[in-house]
>>> print(open('data.cif').read())   # mmCIF, C-alpha atoms
data_coords
#
loop_
_atom_site.label_atom_id
_atom_site.label_comp_id
_atom_site.auth_asym_id
_atom_site.auth_seq_id
_atom_site.Cartn_x
_atom_site.Cartn_y
_atom_site.Cartn_z
CA MET O 1 48.08 -42.09 13.27
CA ILE O 2 50.74 -39.79 14.61
CA PRO O 3 54.17 -40.85 15.84
CA ALA O 4 54.98 -41.37 19.50
CA GLN O 5 56.75 -38.42 21.08
CA PHE O 6 60.42 -37.89 20.37
CA ASP O 7 63.05 -35.22 20.76
CA TYR O 8 64.38 -33.65 17.59
CA VAL O 9 67.85 -32.46 16.68
CA ALA O 10 68.87 -31.00 13.32
CA PRO O 11 72.68 -30.76 13.21
CA GLU O 12 74.37 -28.75 10.48
CA THR O 13 77.54 -30.81 10.04
CA VAL O 14 78.27 -34.53 9.71
CA GLN O 15 80.44 -34.43 12.83
CA ASP O 16 77.65 -32.85 14.88
CA ALA O 17 75.28 -35.53 13.61
CA ILE O 18 77.71 -38.28 14.63
CA ALA O 19 78.13 -36.61 18.03
CA ALA O 20 74.34 -36.63 18.45
CA LEU O 21 74.23 -40.33 17.58
CA ALA O 22 77.01 -41.03 20.10
CA GLU O 23 75.18 -39.09 22.78
CA HIS O 24 71.84 -40.85 22.33
CA GLY O 25 72.98 -44.33 21.30
CA ASP O 26 70.24 -46.87 20.61
CA ASP O 27 67.59 -44.29 21.45
CA ALA O 28 68.41 -42.26 18.32
CA LYS O 29 67.15 -42.77 14.79
CA VAL O 30 68.48 -40.99 11.72
CA LEU O 31 65.97 -39.11 9.55
CA ALA O 32 67.00 -38.72 5.91
CA GLY O 33 64.14 -37.97 3.48
CA GLY O 34 61.70 -39.68 5.83
CA GLN O 35 59.63 -41.39 3.16
CA SER O 36 60.10 -44.81 4.76
CA LEU O 37 60.78 -43.69 8.32
CA LEU O 38 57.72 -41.50 8.81
CA PRO O 39 55.23 -44.25 7.90
CA ILE O 40 57.12 -46.54 10.29
CA LEU O 41 56.86 -43.95 13.08
CA ARG O 42 53.21 -43.26 12.34
CA MET O 43 52.33 -46.93 12.48
CA ARG O 44 54.32 -47.09 15.75
CA LEU O 45 56.50 -49.87 14.41
CA ASN O 46 59.38 -47.93 15.92
CA ALA O 47 59.41 -45.27 18.62
CA PRO O 48 62.87 -43.73 18.95
CA GLY O 49 63.49 -41.23 21.73
CA VAL O 50 65.47 -38.90 19.49
CA ILE O 51 65.31 -38.14 15.78
CA VAL O 52 68.52 -36.85 14.20
CA ASP O 53 67.48 -34.99 11.03
CA LEU O 54 70.18 -34.85 8.33
CA GLY O 55 68.16 -32.39 6.25
CA ARG O 56 70.16 -29.35 7.30
CA ILE O 57 73.65 -30.65 6.46
CA PRO O 58 74.73 -29.03 3.17
CA GLU O 59 77.79 -31.30 2.74
CA LEU O 60 75.49 -34.31 2.31
CA GLN O 61 73.73 -32.82 -0.71
CA GLY O 62 74.61 -32.81 -4.36
CA ILE O 63 76.21 -34.63 -7.27
CA SER O 64 79.74 -34.01 -8.51
CA GLU O 65 82.24 -35.66 -10.82
CA GLU O 66 85.70 -36.72 -9.62
CA GLY O 67 87.65 -38.21 -12.50
CA ASP O 68 86.10 -41.54 -13.40
CA HIS O 69 83.60 -41.43 -10.52
CA LEU O 70 80.32 -39.72 -9.78
CA VAL O 71 80.14 -38.62 -6.16
CA ILE O 72 76.60 -38.43 -4.81
CA GLY O 73 75.85 -36.97 -1.39
CA ALA O 74 73.79 -39.33 0.74
CA MET O 75 71.00 -36.76 1.16
CA THR O 76 70.59 -36.19 -2.58
CA THR O 77 66.95 -36.73 -3.48
CA TYR O 78 65.60 -39.06 -6.13
CA ALA O 79 64.28 -35.99 -7.97
CA ALA O 80 67.75 -34.41 -8.05
CA LEU O 81 69.25 -37.65 -9.35
CA LEU O 82 66.59 -37.89 -12.06
CA ALA O 83 67.28 -34.30 -13.11
CA SER O 84 71.03 -34.92 -13.35
CA GLU O 85 72.46 -35.36 -16.81
CA ALA O 86 75.68 -36.66 -15.24
CA VAL O 87 73.77 -39.51 -13.63
CA SER O 88 71.81 -40.44 -16.76
CA THR O 89 75.00 -40.27 -18.86
CA HIS O 90 77.40 -42.12 -16.56
CA ALA O 91 75.13 -44.27 -14.39
CA GLY O 92 72.10 -44.84 -16.59
CA VAL O 93 70.80 -47.85 -14.72
CA LEU O 94 70.52 -45.78 -11.55
CA SER O 95 68.36 -43.21 -13.36
CA LYS O 96 66.20 -45.94 -14.86
CA ALA O 97 65.65 -47.59 -11.47
CA ILE O 98 64.91 -44.35 -9.65
CA HIS O 99 62.33 -43.40 -12.24
CA THR O 100 60.27 -46.37 -11.00
CA VAL O 101 60.47 -45.48 -7.29
CA ALA O 102 57.09 -44.62 -5.75
CA ASP O 103 55.63 -41.39 -7.17
CA PRO O 104 56.71 -37.80 -7.86
CA GLN O 105 55.90 -36.50 -4.37
CA ILE O 106 57.94 -39.26 -2.71
CA ARG O 107 60.79 -38.74 -5.19
CA HIS O 108 60.93 -35.06 -4.19
CA ARG O 109 61.76 -36.08 -0.60
CA GLY O 110 63.28 -39.56 -0.65
CA THR O 111 67.09 -39.79 -0.72
CA ILE O 112 69.55 -42.28 -2.15
CA GLY O 113 71.37 -42.58 1.16
CA GLY O 114 68.21 -43.12 3.15
CA ALA O 115 67.09 -45.84 0.76
CA LEU O 116 70.45 -47.61 0.81
CA VAL O 117 70.76 -47.62 4.60
CA HIS O 118 67.09 -48.57 5.10
CA ALA O 119 67.99 -51.56 2.88
CA ASP O 120 64.48 -52.72 2.17
CA PRO O 121 65.04 -55.74 -0.12
CA ALA O 122 62.10 -54.55 -2.26
CA GLY O 123 63.64 -51.08 -2.65
CA ASP O 124 64.91 -50.13 -6.09
CA VAL O 125 68.33 -48.53 -5.46
CA GLY O 126 70.26 -51.50 -4.06
CA ALA O 127 70.28 -53.50 -7.29
CA PRO O 128 71.66 -50.65 -9.46
CA ALA O 129 74.22 -49.83 -6.73
CA LEU O 130 75.42 -53.45 -6.96
CA ALA O 131 75.33 -53.47 -10.76
CA LEU O 132 77.41 -50.28 -10.94
CA GLY O 133 79.94 -51.43 -8.33
CA ALA O 134 79.17 -48.40 -6.16
CA GLU O 135 81.34 -47.59 -3.16
CA LEU O 136 79.74 -46.36 0.04
CA VAL O 137 81.60 -43.82 2.15
CA ILE O 138 80.78 -44.13 5.85
CA ALA O 139 81.78 -41.55 8.46
CA GLY O 140 82.35 -42.38 12.10
CA ALA O 141 83.57 -40.83 15.31
CA GLY O 142 86.49 -38.41 15.23
CA GLY O 143 86.22 -37.64 11.53
CA ALA O 144 87.19 -41.18 10.47
CA THR O 145 85.80 -42.43 7.18
CA ARG O 146 85.84 -45.83 5.54
CA THR O 147 84.69 -47.05 2.17
CA VAL O 148 82.69 -50.21 1.65
CA ALA O 149 82.00 -51.85 -1.71
CA ALA O 150 78.33 -52.31 -2.56
CA ASP O 151 78.98 -56.07 -2.68
CA ASP O 152 79.84 -55.94 1.06
CA PHE O 153 77.33 -53.27 2.09
CA PHE O 154 74.06 -55.20 2.32
CA GLU O 155 74.26 -57.69 5.18
CA ASP O 156 70.69 -58.79 5.85
CA LEU O 157 67.09 -57.63 5.92
CA PHE O 158 67.20 -53.87 6.75
CA THR O 159 70.84 -54.33 7.82
CA THR O 160 73.92 -52.78 6.23
CA ALA O 161 77.61 -52.27 6.98
CA VAL O 162 76.75 -48.91 8.60
CA ARG O 163 77.32 -49.51 12.33
CA ASP O 164 75.77 -47.78 15.33
CA GLY O 165 77.09 -44.25 15.55
CA GLU O 166 78.08 -44.12 11.87
CA LEU O 167 76.55 -42.30 8.90
CA LEU O 168 76.57 -43.01 5.19
CA THR O 169 77.82 -39.77 3.66
CA GLN O 170 78.56 -40.44 -0.01
CA VAL O 171 77.84 -42.87 -2.79
CA ARG O 172 80.75 -43.11 -5.23
CA VAL O 173 79.74 -44.58 -8.57
CA PRO O 174 82.32 -45.63 -11.17
CA LYS O 175 81.29 -44.04 -14.45
CA HIS O 176 79.72 -46.47 -16.88
CA THR O 177 79.78 -44.05 -19.79
CA GLY O 178 78.43 -45.56 -22.98
CA TRP O 179 76.96 -48.59 -21.25
CA GLY O 180 73.36 -49.43 -22.09
CA ALA O 181 71.03 -49.67 -19.12
CA HIS O 182 67.62 -50.90 -18.15
CA TYR O 183 65.62 -51.53 -14.97
CA GLU O 184 62.82 -54.04 -15.39
CA LYS O 185 60.37 -53.87 -12.50
CA PHE O 186 57.37 -56.07 -12.03
CA VAL O 187 54.47 -54.64 -10.03
CA ARG O 188 50.72 -55.13 -10.13
CA VAL O 189 49.71 -51.54 -9.41
CA SER O 190 51.34 -48.19 -9.92
CA HIS O 191 53.86 -47.00 -7.30
CA GLN O 192 53.99 -50.40 -5.59
CA TRP O 193 57.16 -51.91 -4.14
CA SER O 194 58.94 -54.25 -6.55
CA ILE O 195 57.61 -57.79 -6.57
CA VAL O 196 60.84 -58.49 -8.43
CA GLY O 197 63.13 -55.99 -10.17
CA VAL O 198 66.24 -56.44 -12.31
CA ALA O 199 68.91 -53.80 -12.95
CA ALA O 200 71.08 -54.50 -15.99
CA THR O 201 73.85 -52.48 -17.57
CA VAL O 202 75.73 -53.70 -20.60
CA ARG O 203 78.76 -52.62 -22.63
CA SER O 204 78.36 -53.75 -26.21
CA GLU O 205 81.06 -54.24 -28.82
CA ALA O 206 80.31 -55.03 -32.45
CA GLY O 207 76.84 -56.38 -31.71
CA SER O 208 77.80 -58.63 -28.83
CA ILE O 209 77.97 -58.23 -25.09
CA ALA O 210 81.48 -57.29 -23.94
CA GLU O 211 80.61 -56.76 -20.25
CA ALA O 212 77.39 -57.03 -18.28
CA ARG O 213 76.36 -56.24 -14.70
CA VAL O 214 73.10 -57.49 -13.20
CA GLY O 215 71.49 -56.68 -9.83
CA LEU O 216 68.32 -58.25 -8.45
CA THR O 217 65.62 -56.59 -6.30
CA ASN O 218 63.53 -58.57 -3.80
CA MET O 219 65.06 -61.96 -4.53
CA GLY O 220 66.27 -62.49 -0.97
CA SER O 221 66.89 -60.66 2.28
CA THR O 222 69.21 -58.23 0.48
CA PRO O 223 69.57 -56.98 -3.08
CA LEU O 224 71.72 -59.48 -4.97
CA ARG O 225 74.29 -59.35 -7.72
CA ALA O 226 74.01 -62.08 -10.34
CA LYS O 227 77.71 -62.66 -10.99
CA ALA O 228 77.35 -66.05 -12.71
CA VAL O 229 74.92 -64.51 -15.21
CA GLU O 230 77.24 -61.55 -15.77
CA GLU O 231 80.03 -63.97 -16.70
CA ALA O 232 77.76 -66.13 -18.86
CA LEU O 233 76.69 -63.08 -20.88
CA VAL O 234 80.22 -62.07 -21.93
CA GLY O 235 80.81 -62.61 -25.63
CA ARG O 236 77.19 -63.52 -26.38
CA PRO O 237 75.28 -61.81 -29.17
CA ALA O 238 72.42 -59.64 -27.91
CA THR O 239 69.76 -61.98 -29.24
CA ASP O 240 66.75 -63.39 -27.44
CA GLU O 241 68.04 -66.96 -27.79
CA ALA O 242 71.58 -66.29 -26.57
CA VAL O 243 70.49 -64.12 -23.64
CA ARG O 244 67.72 -66.53 -22.65
CA ALA O 245 70.29 -69.31 -22.30
CA ALA O 246 72.77 -67.13 -20.39
CA VAL O 247 70.25 -65.96 -17.79
CA ALA O 248 68.37 -69.23 -17.29
CA SER O 249 70.07 -69.90 -13.97
CA VAL O 250 69.75 -66.37 -12.55
CA ALA O 251 67.55 -67.54 -9.66
CA ASP O 252 69.92 -70.32 -8.58
CA GLY O 253 70.97 -69.82 -4.99
CA THR O 254 68.43 -67.05 -4.35
CA ASN O 255 65.87 -67.23 -1.57
CA PRO O 256 63.05 -64.88 -2.49
CA PRO O 257 60.13 -64.34 -0.12
CA SER O 258 56.64 -65.79 -0.48
CA ASP O 259 53.84 -63.32 0.19
CA LEU O 260 50.47 -62.16 -1.13
CA ASN O 261 52.10 -60.97 -4.35
CA GLY O 262 53.55 -64.35 -5.24
CA ASP O 263 55.36 -67.33 -3.81
CA SER O 264 59.06 -67.91 -3.91
CA ASP O 265 59.02 -70.14 -7.00
CA TYR O 266 56.93 -67.58 -8.87
CA ARG O 267 59.54 -64.93 -8.09
CA LYS O 268 62.31 -67.24 -9.31
CA HIS O 269 60.48 -67.66 -12.60
CA LEU O 270 59.88 -63.91 -12.81
CA ALA O 271 63.58 -63.23 -12.26
CA THR O 272 64.57 -65.24 -15.33
CA VAL O 273 61.98 -63.47 -17.51
CA LEU O 274 62.79 -60.01 -16.19
CA THR O 275 66.56 -60.54 -16.42
CA ARG O 276 66.26 -61.53 -20.08
CA ARG O 277 64.14 -58.45 -20.80
CA ALA O 278 66.45 -56.16 -18.84
CA VAL O 279 69.63 -57.42 -20.48
CA LEU O 280 68.16 -57.27 -23.99
CA ALA O 281 66.87 -53.74 -23.40
CA ALA O 282 70.21 -52.66 -21.93
CA ALA O 283 72.00 -54.12 -24.96
CA GLY O 284 69.69 -52.16 -27.24
CA ALA O 285 68.21 -55.31 -28.76
CA MET J 1 58.32 -28.12 21.81
CA THR J 2 60.34 -26.77 18.92
CA ARG J 3 60.01 -23.29 17.48
CA ILE J 4 59.41 -23.18 13.74
CA GLN J 5 58.99 -20.37 11.26
CA VAL J 6 57.14 -21.31 8.09
CA THR J 7 55.68 -19.27 5.26
CA VAL J 8 52.32 -20.72 4.25
CA ASP J 9 50.41 -19.34 1.27
CA GLY J 10 52.46 -16.17 1.45
CA VAL J 11 52.00 -15.52 5.18
CA SER J 12 54.80 -16.04 7.68
CA TYR J 13 53.94 -18.02 10.82
CA SER J 14 56.00 -18.68 13.91
CA ASP J 15 54.82 -21.45 16.23
CA ASP J 16 55.91 -23.91 18.88
CA VAL J 17 55.18 -27.47 17.76
CA GLU J 18 55.82 -30.93 19.08
CA PRO J 19 58.53 -32.49 16.89
CA ARG J 20 56.18 -35.37 16.06
CA THR J 21 53.62 -33.02 14.49
CA LEU J 22 53.05 -33.88 10.85
CA LEU J 23 53.05 -30.99 8.41
CA VAL J 24 49.44 -31.75 7.47
CA GLN J 25 48.40 -31.62 11.12
CA TYR J 26 50.17 -28.30 11.56
CA LEU J 27 48.45 -26.87 8.49
CA ARG J 28 45.00 -28.07 9.51
CA GLU J 29 45.02 -27.85 13.27
CA SER J 30 47.34 -24.94 14.02
CA LEU J 31 46.70 -22.77 10.96
CA GLY J 32 43.14 -23.85 10.12
CA LYS J 33 44.12 -24.63 6.54
CA THR J 34 41.58 -27.42 6.23
CA GLY J 35 41.63 -27.28 2.44
CA THR J 36 44.47 -29.79 2.69
CA VAL J 37 42.91 -33.09 3.70
CA VAL J 38 44.14 -36.35 5.18
CA GLY J 39 43.15 -39.30 3.05
CA CYS J 40 44.91 -42.58 3.68
CA ASP J 41 47.35 -41.40 6.36
CA THR J 42 49.91 -43.86 4.94
CA SER J 43 51.56 -41.67 2.28
CA ASN J 44 49.84 -43.56 -0.54
CA CYS J 45 46.84 -41.54 -1.65
CA GLY J 46 48.23 -38.05 -2.24
CA ALA J 47 45.15 -36.19 -0.93
CA CYS J 48 47.40 -34.19 1.43
CA THR J 49 49.75 -32.99 -1.35
CA VAL J 50 51.12 -29.47 -0.89
CA HIS J 51 54.14 -27.67 -2.31
CA LEU J 52 57.25 -27.34 -0.15
CA ASP J 53 59.68 -24.82 -1.65
CA GLY J 54 57.79 -25.11 -4.92
CA VAL J 55 57.71 -28.89 -5.33
CA SER J 56 54.99 -31.35 -4.40
CA VAL J 57 55.21 -33.42 -1.22
CA LYS J 58 52.79 -35.54 0.76
CA SER J 59 52.26 -33.44 3.87
CA CYS J 60 51.35 -36.49 5.97
CA ASN J 61 54.89 -37.71 5.30
CA VAL J 62 56.80 -34.58 6.33
CA LEU J 63 57.28 -33.33 9.88
CA ALA J 64 56.34 -29.71 10.58
CA VAL J 65 59.85 -29.21 12.00
CA GLN J 66 61.31 -30.23 8.63
CA ALA J 67 59.45 -27.29 7.08
CA ASP J 68 61.12 -24.82 9.47
CA GLY J 69 62.52 -21.94 7.43
CA HIS J 70 60.77 -23.12 4.27
CA GLU J 71 57.80 -22.10 2.17
CA VAL J 72 54.56 -24.08 1.84
CA THR J 73 51.78 -23.56 -0.70
CA THR J 74 48.44 -25.27 -0.12
CA ILE J 75 45.33 -25.49 -2.27
CA GLU J 76 44.14 -22.39 -0.38
CA GLY J 77 47.03 -20.38 -1.75
CA LEU J 78 46.49 -21.07 -5.45
CA ALA J 79 43.74 -18.59 -6.27
CA THR J 80 44.75 -14.95 -6.59
CA ASP J 81 42.41 -12.03 -5.95
CA GLY J 82 39.39 -14.32 -6.01
CA GLU J 83 40.33 -15.77 -9.42
CA LEU J 84 40.70 -19.51 -9.54
CA HIS J 85 44.09 -20.84 -10.62
CA PRO J 86 43.85 -22.11 -14.23
CA VAL J 87 44.18 -25.71 -13.01
CA GLN J 88 41.33 -25.17 -10.53
CA GLN J 89 39.26 -23.59 -13.30
CA ALA J 90 39.97 -26.52 -15.63
CA PHE J 91 38.97 -29.03 -12.93
CA HIS J 92 35.70 -27.10 -12.55
CA GLU J 93 34.99 -26.90 -16.28
CA CYS J 94 35.91 -30.53 -17.04
CA HIS J 95 33.97 -31.86 -14.03
CA ALA J 96 37.19 -33.46 -12.82
CA LEU J 97 35.72 -34.37 -9.45
CA GLN J 98 32.88 -36.37 -8.01
CA CYS J 99 33.12 -36.50 -4.21
CA GLY J 100 35.97 -33.98 -4.27
CA TYR J 101 38.09 -35.52 -1.55
CA CYS J 102 41.14 -36.19 -3.70
CA THR J 103 40.78 -32.85 -5.48
CA PRO J 104 43.08 -30.61 -3.40
CA GLY J 105 45.93 -33.08 -3.75
CA MET J 106 45.15 -33.79 -7.41
CA ILE J 107 45.24 -30.09 -8.23
CA MET J 108 48.47 -29.47 -6.29
CA GLN J 109 50.15 -32.41 -8.04
CA ALA J 110 48.78 -31.32 -11.43
CA VAL J 111 50.28 -27.85 -10.89
CA ASP J 112 53.62 -29.45 -9.99
CA LEU J 113 53.43 -31.67 -13.07
CA LEU J 114 52.78 -28.69 -15.35
CA ASN J 115 55.57 -26.66 -13.72
CA ASP J 116 57.91 -29.53 -14.57
CA ASN J 117 56.46 -30.33 -17.99
CA PRO J 118 54.19 -27.64 -19.48
CA ASP J 119 53.13 -29.81 -22.43
CA PRO J 120 52.64 -33.36 -21.14
CA SER J 121 51.27 -36.26 -23.14
CA GLU J 122 48.27 -38.13 -21.77
CA GLN J 123 50.63 -40.88 -20.59
CA GLU J 124 52.89 -38.34 -18.86
CA ILE J 125 49.84 -36.87 -17.10
CA ARG J 126 48.77 -40.30 -15.88
CA GLU J 127 52.29 -41.08 -14.67
CA GLY J 128 52.66 -37.66 -13.10
CA LEU J 129 49.50 -38.27 -11.07
CA GLU J 130 50.39 -41.84 -10.10
CA GLY J 131 50.79 -40.85 -6.47
CA ASN J 132 47.23 -39.50 -6.26
CA LEU J 133 44.30 -41.85 -5.90
CA CYS J 134 40.69 -41.07 -6.85
CA ARG J 135 38.27 -43.67 -5.51
CA CYS J 136 35.32 -42.34 -7.52
CA THR J 137 37.38 -43.51 -10.54
CA GLY J 138 37.22 -40.06 -12.02
CA TYR J 139 40.66 -40.17 -13.61
CA HIS J 140 39.39 -39.64 -17.14
CA ASN J 141 38.08 -36.15 -16.49
CA ILE J 142 41.05 -35.31 -14.28
CA VAL J 143 43.38 -36.06 -17.19
CA LYS J 144 41.16 -33.95 -19.46
CA ALA J 145 41.35 -31.07 -17.00
CA VAL J 146 45.14 -31.21 -16.90
CA GLN J 147 45.21 -31.28 -20.70
CA GLN J 148 42.93 -28.24 -20.82
CA ALA J 149 45.07 -26.38 -18.29
CA ALA J 150 48.20 -27.26 -20.29
CA LYS J 151 46.60 -25.87 -23.44
CA ALA J 152 45.81 -22.68 -21.59
CA GLY J 153 49.55 -22.38 -20.92
CA VAL J 154 49.61 -22.68 -17.17
CA THR J 155 52.62 -21.41 -15.34
CA SER J 156 52.61 -20.61 -11.67
#
>>> encode(input="data.cif", output="structure tokens")
Amino acid sequence: MIPAQFDYVAPETVQDAIAALAEHGDDAKVLAGGQSLLPILRMRLNAPGVIVDLGRIPELQGISEEGDHLVIGAMTTYAALLASEAVSTHAGVLSKAIHTVADPQIRHRGTIGGALVHADPAGDVGAPALALGAELVIAGAGGATRTVAADDFFEDLFTTAVRDGELLTQVRVPKHTGWGAHYEKFVRVSHQWSIVGVAATVRSEAGSIAEARVGLTNMGSTPLRAKAVEEALVGRPATDEAVRAAVASVADGTNPPSDLNGDSDYRKHLATVLTRRAVLAAAGA
Amino acid sequence: MTRIQVTVDGVSYSDDVEPRTLLVQYLRESLGKTGTVVGCDTSNCGACTVHLDGVSVKSCNVLAVQADGHEVTTIEGLATDGELHPVQQAFHECHALQCGYCTPGMIMQAVDLLNDNPDPSEQEIREGLEGNLCRCTGYHNIVKAVQQAAKAGVTS
């Protein structure tokens, strides 16, 4: 299959991209790395009149450090993130999660910003973004920018706080230096979407858990943060028994989908198992 | 139509393309580079793998316009002066193909893998090829071929 016809623009600045979105309105679709969008276009699930390609905007690329934050350009590829020592050192759970995304070819093209704004609940970057307390910088008309916390970013299935005419430009990640990290992903075949995934990052002190952050993949219409579990883990020793008890209720209040890979109750069970494994691995147990 | 300039297997081309043209279509239908094949057409199987600026991509999942100003290497550009690339030679010697359909993509991904990691373990080879499907179930000999090429010290 080939996509339906569209016009193509490739602006070289964020402001030109926003101007193109303003000009074409609902008829425009943003192209980041294209690894989700192109299959959608090919299957004719969407047929925008205009594609606005962000691939030629240098200011959207790259990883830098600003004090206690990592600043990641929205068009930074998975491969660049995996190659970054700053990311593995200061945001280990993001590296661990990205390592499980698709396959090497897709990771050479796919971008963190594209994945976040696409907001597929089975995608693997939302949960670590929640676990790390990432902040999303969104640019709008006239050079205005606003910053949205990851907790407020994911609104519904394929829906985020990025409004029509706006662009996600940066992902700001508070450094979690010295925190242990793990992403536990359950799939049946290689390079499949997560059936369930759990992102955990843990700060340990004297053999017990001082702080923990847990994000869930594909346990509802958006990635979810498991705040009650995070609180229950504080002060616990990193033992199987203690962690098992603290994470037992991780699926409470979630509404995971039922599909060919498993029904909702099966996913709820999986979430408790995977959260225990992820937390224990992150705590180095 | 959009004007693009792309270097493919060392030759510079300038063409007008529809923006919706996939890179693999451009390679096959405009340039006649039919060594790169379309397998699943859903970005799963990896048969269409080529290198874009030196790293592997699935060419059914890239628009030709995105390659404007960039460099593409296909399976047809690997051999030099009639000599097979060491990874091609290893696939031949290890009988790493049955029907051969996945082979162009397998070889391009294997070259990318060895560029990134010249001395991979068997597990790293299997993971590095996870985006390439062989439906003859010939993975065993494919892995052996990559191991042989790695021993030969492949660098591109």
>>> atom_distance(input="data.cif", atom1="CA of Pro19 in chain J", atom2="CA of Gly140 in chain O")
26.2 Å
>>> residues_around(input="data.cif", residues="Gly253 in chain O", least_positions_apart="6", cutoff="12 Å", atoms="all atoms listed in the file", output="PyMOL selection string")
chain O and resi 219-220+224-228+268
>>> interface_residues(input="data.cif", of="chain J", to="chain O", cutoff="10 Å", atoms="only C-alpha atoms", output="number ranges by chain")
J: 1-2, 18-22, 25, 41-44, 46, 49-52, 55-63, 65-66, 109, 112-113, 127-132
>>> write_last_selection(input="data.cif", atoms="C-alpha atoms", output="PDB file, keeping the file's coordinate frame")
ATOM      1  CA  MET J   1      58.320 -28.120  21.810  1.00  0.00           C
ATOM      2  CA  THR J   2      60.340 -26.770  18.920  1.00  0.00           C
ATOM      3  CA  GLU J  18      55.820 -30.930  19.080  1.00  0.00           C
ATOM      4  CA  PRO J  19      58.530 -32.490  16.890  1.00  0.00           C
ATOM      5  CA  ARG J  20      56.180 -35.370  16.060  1.00  0.00           C
ATOM      6  CA  THR J  21      53.620 -33.020  14.490  1.00  0.00           C
ATOM      7  CA  LEU J  22      53.050 -33.880  10.850  1.00  0.00           C
ATOM      8  CA  GLN J  25      48.400 -31.620  11.120  1.00  0.00           C
ATOM      9  CA  ASP J  41      47.350 -41.400   6.360  1.00  0.00           C
ATOM     10  CA  THR J  42      49.910 -43.860   4.940  1.00  0.00           C
ATOM     11  CA  SER J  43      51.560 -41.670   2.280  1.00  0.00           C
ATOM     12  CA  ASN J  44      49.840 -43.560  -0.540  1.00  0.00           C
ATOM     13  CA  GLY J  46      48.230 -38.050  -2.240  1.00  0.00           C
ATOM     14  CA  THR J  49      49.750 -32.990  -1.350  1.00  0.00           C
ATOM     15  CA  VAL J  50      51.120 -29.470  -0.890  1.00  0.00           C
ATOM     16  CA  HIS J  51      54.140 -27.670  -2.310  1.00  0.00           C
ATOM     17  CA  LEU J  52      57.250 -27.340  -0.150  1.00  0.00           C
ATOM     18  CA  VAL J  55      57.710 -28.890  -5.330  1.00  0.00           C
ATOM     19  CA  SER J  56      54.990 -31.350  -4.400  1.00  0.00           C
ATOM     20  CA  VAL J  57      55.210 -33.420  -1.220  1.00  0.00           C
ATOM     21  CA  LYS J  58      52.790 -35.540   0.760  1.00  0.00           C
ATOM     22  CA  SER J  59      52.260 -33.440   3.870  1.00  0.00           C
ATOM     23  CA  CYS J  60      51.350 -36.490   5.970  1.00  0.00           C
ATOM     24  CA  ASN J  61      54.890 -37.710   5.300  1.00  0.00           C
ATOM     25  CA  VAL J  62      56.800 -34.580   6.330  1.00  0.00           C
ATOM     26  CA  LEU J  63      57.280 -33.330   9.880  1.00  0.00           C
ATOM     27  CA  VAL J  65      59.850 -29.210  12.000  1.00  0.00           C
ATOM     28  CA  GLN J  66      61.310 -30.230   8.630  1.00  0.00           C
ATOM     29  CA  GLN J 109      50.150 -32.410  -8.040  1.00  0.00           C
ATOM     30  CA  ASP J 112      53.620 -29.450  -9.990  1.00  0.00           C
ATOM     31  CA  LEU J 113      53.430 -31.670 -13.070  1.00  0.00           C
ATOM     32  CA  GLU J 127      52.290 -41.080 -14.670  1.00  0.00           C
ATOM     33  CA  GLY J 128      52.660 -37.660 -13.100  1.00  0.00           C
ATOM     34  CA  LEU J 129      49.500 -38.270 -11.070  1.00  0.00           C
ATOM     35  CA  GLU J 130      50.390 -41.840 -10.100  1.00  0.00           C
ATOM     36  CA  GLY J 131      50.790 -40.850  -6.470  1.00  0.00           C
ATOM     37  CA  ASN J 132      47.230 -39.500  -6.260  1.00  0.00           C
TER      38      ASN J 132
END
>>> resolve_selection(input="data.cif", expression="the PyMOL selection byres ((chain O and resi 207) around 9)", output="MDAnalysis selection string")
chainID O and resid 204:206 208:209 236:238 283
>>> atom_distance(input="data.cif", atom1="CA of Pro257 in chain O", atom2="CA of Cys45 in chain J")
26.4 Å
>>> residues_around(input="data.cif", residues="Pro174 in chain O", least_positions_apart="5", cutoff="10 Å", atoms="all atoms listed in the file", output="ChimeraX atom specification")
/O:65-71,90-91,132-135
>>> write_last_selection(input="data.cif", atoms="C-alpha atoms", output="compact mmCIF listing (two decimals), in the frame of the given file")
# COMPACT_ATOMS: atom_id res chain seq x y z
CA GLU O 65 82.24 -35.66 -10.82
CA GLU O 66 85.70 -36.72 -9.62
CA GLY O 67 87.65 -38.21 -12.50
CA ASP O 68 86.10 -41.54 -13.40
CA HIS O 69 83.60 -41.43 -10.52
CA LEU O 70 80.32 -39.72 -9.78
CA VAL O 71 80.14 -38.62 -6.16
CA HIS O 90 77.40 -42.12 -16.56
CA ALA O 91 75.13 -44.27 -14.39
CA LEU O 132 77.41 -50.28 -10.94
CA GLY O 133 79.94 -51.43 -8.33
CA ALA O 134 79.17 -48.40 -6.16
CA GLU O 135 81.34 -47.59 -3.16
>>> atom_distance(input="data.cif", atom1="CA of Thr177 in chain O", atom2="CA of Leu270 in chain O")
29.0 Å
